[in-house]
Amino acid sequence: MTDPHSKVYTLEEAVAQRKILASRQKRLVVTNGCFDLLHRGHAEYLLKARMTGDALFVLVNSDASVRSLKGPTRPVNQEDDRALLLACLEFVDGVVIFDSVRCDKELLALAPDVYAKGGDYTVESLAEPERSALFAVKSQICFIPFVDGYSTTSTLARAAKK
């Protein structure tokens with residue numbers, strides 16, 4: 001079993017791992033998100049994303065970027081904890097915490113073969129900086145359907161009612 005701590009990379013470490021994958025002709029899949037409260041919907045989404053290639057890297061929003069996206073009460077879990085939980089999943093090959101709202105810099109640096117995003121997005125609705133980065137590195141964009149009934153927002157709402 002791989003120590004999950006060893007799968008949490010800086011961007012520079014992830015780029016080095018990406019080069020190794022490319023030299024072995026392995027397809028890299030990248031996805032991104034807050035992953036604040038890991039739930040079944042996340043697990044199924046990530047597993048399906050991983051199935052589109054040979055390795056999966058997850059770009060995780062930093063605490064500061066989650067606050068700017070979701071508001072002052074989020075994240076519930078700190079970035080290092082969220083990254084480690086994702087790295088504990090056997091089918092996740094690497095995790096990188098990024099500090100901006102958009103991950104275009106990371107996408108340009110990693111040049112994934114496949115970019116996975118939730119099925120509630122379309123190419124047109126992707127944030128322009130990320131869409132431009134994906135086009136620049138010629139990534140295949142794959143939209144993966146969500147599992148109905150699972151979201152961090154709905155989980156927090158259910159918990160607040162109890």
# chains A, B, ... in the order shown; residues from 1 in each chain; ligands from 1
$ residues_around --residues "region 89-105 of chain A" --least-positions-apart "6" --cutoff "6 Å" --atoms "only C-alpha atoms" --output "list in words"
Lys7, Val8, Tyr9, Thr10, Ala55, Leu56, Phe57, Val58, Leu59, Val60, Asn61, Ser62, Ser65, Pro129, Glu130 and Ala133 of chain A
$ select_by_dssp --residues "chain A" --states "strand (DSSP E or B)" --output "PDB file with C-alpha atoms, in the first residue's frame"
ATOM      1  CA  VAL A   8       0.206  14.877  -1.903  1.00  0.00           C
ATOM      2  CA  TYR A   9       2.428  16.887  -4.239  1.00  0.00           C
ATOM      3  CA  LEU A  28      -3.098  11.425 -17.109  1.00  0.00           C
ATOM      4  CA  VAL A  29      -6.572  12.447 -15.973  1.00  0.00           C
ATOM      5  CA  VAL A  30      -6.930  15.641 -13.939  1.00  0.00           C
ATOM      6  CA  THR A  31      -9.956  16.967 -12.105  1.00  0.00           C
ATOM      7  CA  ASN A  32     -10.391  19.732  -9.576  1.00  0.00           C
ATOM      8  CA  GLY A  33     -12.674  20.885  -6.797  1.00  0.00           C
ATOM      9  CA  ALA A  55      -3.549   7.920 -13.512  1.00  0.00           C
ATOM     10  CA  LEU A  56      -5.678  10.507 -11.714  1.00  0.00           C
ATOM     11  CA  PHE A  57      -4.444  13.754 -10.181  1.00  0.00           C
ATOM     12  CA  VAL A  58      -6.891  15.811  -8.138  1.00  0.00           C
ATOM     13  CA  LEU A  59      -6.381  19.567  -7.857  1.00  0.00           C
ATOM     14  CA  VAL A  60      -7.858  20.739  -4.551  1.00  0.00           C
ATOM     15  CA  ASN A  61      -8.834  24.327  -3.812  1.00  0.00           C
ATOM     16  CA  GLY A  94      -1.755  12.415  -6.810  1.00  0.00           C
ATOM     17  CA  VAL A  95      -3.230  15.471  -5.121  1.00  0.00           C
ATOM     18  CA  VAL A  96      -2.148  19.102  -5.508  1.00  0.00           C
ATOM     19  CA  ILE A  97      -3.504  21.998  -3.445  1.00  0.00           C
ATOM     20  CA  PHE A  98      -3.864  25.187  -5.480  1.00  0.00           C
ATOM     21  CA  VAL A 114      -8.033  14.028 -20.029  1.00  0.00           C
ATOM     22  CA  TYR A 115      -9.760  16.654 -17.900  1.00  0.00           C
ATOM     23  CA  ALA A 116     -12.772  15.362 -15.967  1.00  0.00           C
ATOM     24  CA  LYS A 117     -15.547  17.651 -14.755  1.00  0.00           C
ATOM     25  CA  GLY A 118     -18.989  17.102 -13.277  1.00  0.00           C
ATOM     26  CA  GLN A 140      -9.810  15.755 -23.950  1.00  0.00           C
ATOM     27  CA  ILE A 141     -12.651  17.081 -21.787  1.00  0.00           C
ATOM     28  CA  CYS A 142     -14.860  14.437 -20.197  1.00  0.00           C
ATOM     29  CA  PHE A 143     -18.080  15.254 -18.326  1.00  0.00           C
ATOM     30  CA  ILE A 144     -19.051  12.732 -15.659  1.00  0.00           C
TER      31      ILE A 144
END
$ residues_around --residues "Arg18 (chain A)" --least-positions-apart "3" --cutoff "8 Å" --atoms "only C-alpha atoms" --output "PDB file with C-alpha atoms, in the first residue's frame"
ATOM      1  CA  ALA A  14       3.253  16.712  -9.774  1.00  0.00           C
ATOM      2  CA  VAL A  15       4.842  17.978 -12.995  1.00  0.00           C
ATOM      3  CA  LEU A  21       3.776   9.064 -16.795  1.00  0.00           C
ATOM      4  CA  ALA A  22       4.258  10.595 -20.249  1.00  0.00           C
ATOM      5  CA  LEU A  28      -3.098  11.425 -17.109  1.00  0.00           C
ATOM      6  CA  LEU A 110       0.362  19.338 -16.041  1.00  0.00           C
TER       7      LEU A 110
END
$ select_by_dssp --residues "chain A" --states "alpha helix (DSSP H)" --output "VMD selection string"
chain A and resid 11 to 23 40 to 50 63 to 70 79 to 87 104 to 110 128 to 136 152 to 161
$ closest_residue --among "A:Gly53, A:Ser125, A:Leu11, A:Arg158" --to "Leu107 (chain A)" --atoms "only C-alpha atoms"
A:Leu11
$ closest_atom_pairs --of "region 59-100 of chain A" --to "region 38-44 of chain A" --cutoff "9 Å" --atoms "only C-alpha atoms" --output "tab-separated table"
residue	atom	partner	partner_atom	distance
A:Arg82	CA	A:Leu38	CA	7.9
A:Leu85	CA	A:Leu38	CA	7.8
A:Leu86	CA	A:Leu38	CA	8.0
A:Leu89	CA	A:Ala43	CA	8.3
$ write_last_selection --atoms "N, CA and C atoms" --output "PDB file, in the first residue's frame"
ATOM      1  N   ARG A  82      -8.278  17.641   3.630  1.00  0.00           N
ATOM      2  CA  ARG A  82      -9.001  17.266   2.403  1.00  0.00           C
ATOM      3  C   ARG A  82      -8.069  16.571   1.419  1.00  0.00           C
ATOM      4  N   LEU A  85      -7.274  12.966   2.691  1.00  0.00           N
ATOM      5  CA  LEU A  85      -8.395  12.047   2.501  1.00  0.00           C
ATOM      6  C   LEU A  85      -8.502  11.597   1.044  1.00  0.00           C
ATOM      7  N   LEU A  86      -8.335  12.517   0.123  1.00  0.00           N
ATOM      8  CA  LEU A  86      -8.358  12.144  -1.301  1.00  0.00           C
ATOM      9  C   LEU A  86      -7.205  11.207  -1.641  1.00  0.00           C
ATOM     10  N   LEU A  89      -7.593   7.448  -1.171  1.00  0.00           N
ATOM     11  CA  LEU A  89      -8.318   6.648  -2.155  1.00  0.00           C
ATOM     12  C   LEU A  89      -7.314   5.975  -3.081  1.00  0.00           C
TER      13      LEU A  89
END
$ closest_residue --among "A:Leu134, A:Ala16, A:Met1, A:Met51" --to "Ala111 (chain A)" --atoms "only C-alpha atoms"
A:Leu134
$ atom_distance --atom1 "CA of Ala136 (chain A)" --atom2 "CA of Lys48 (chain A)"
24.5 Å
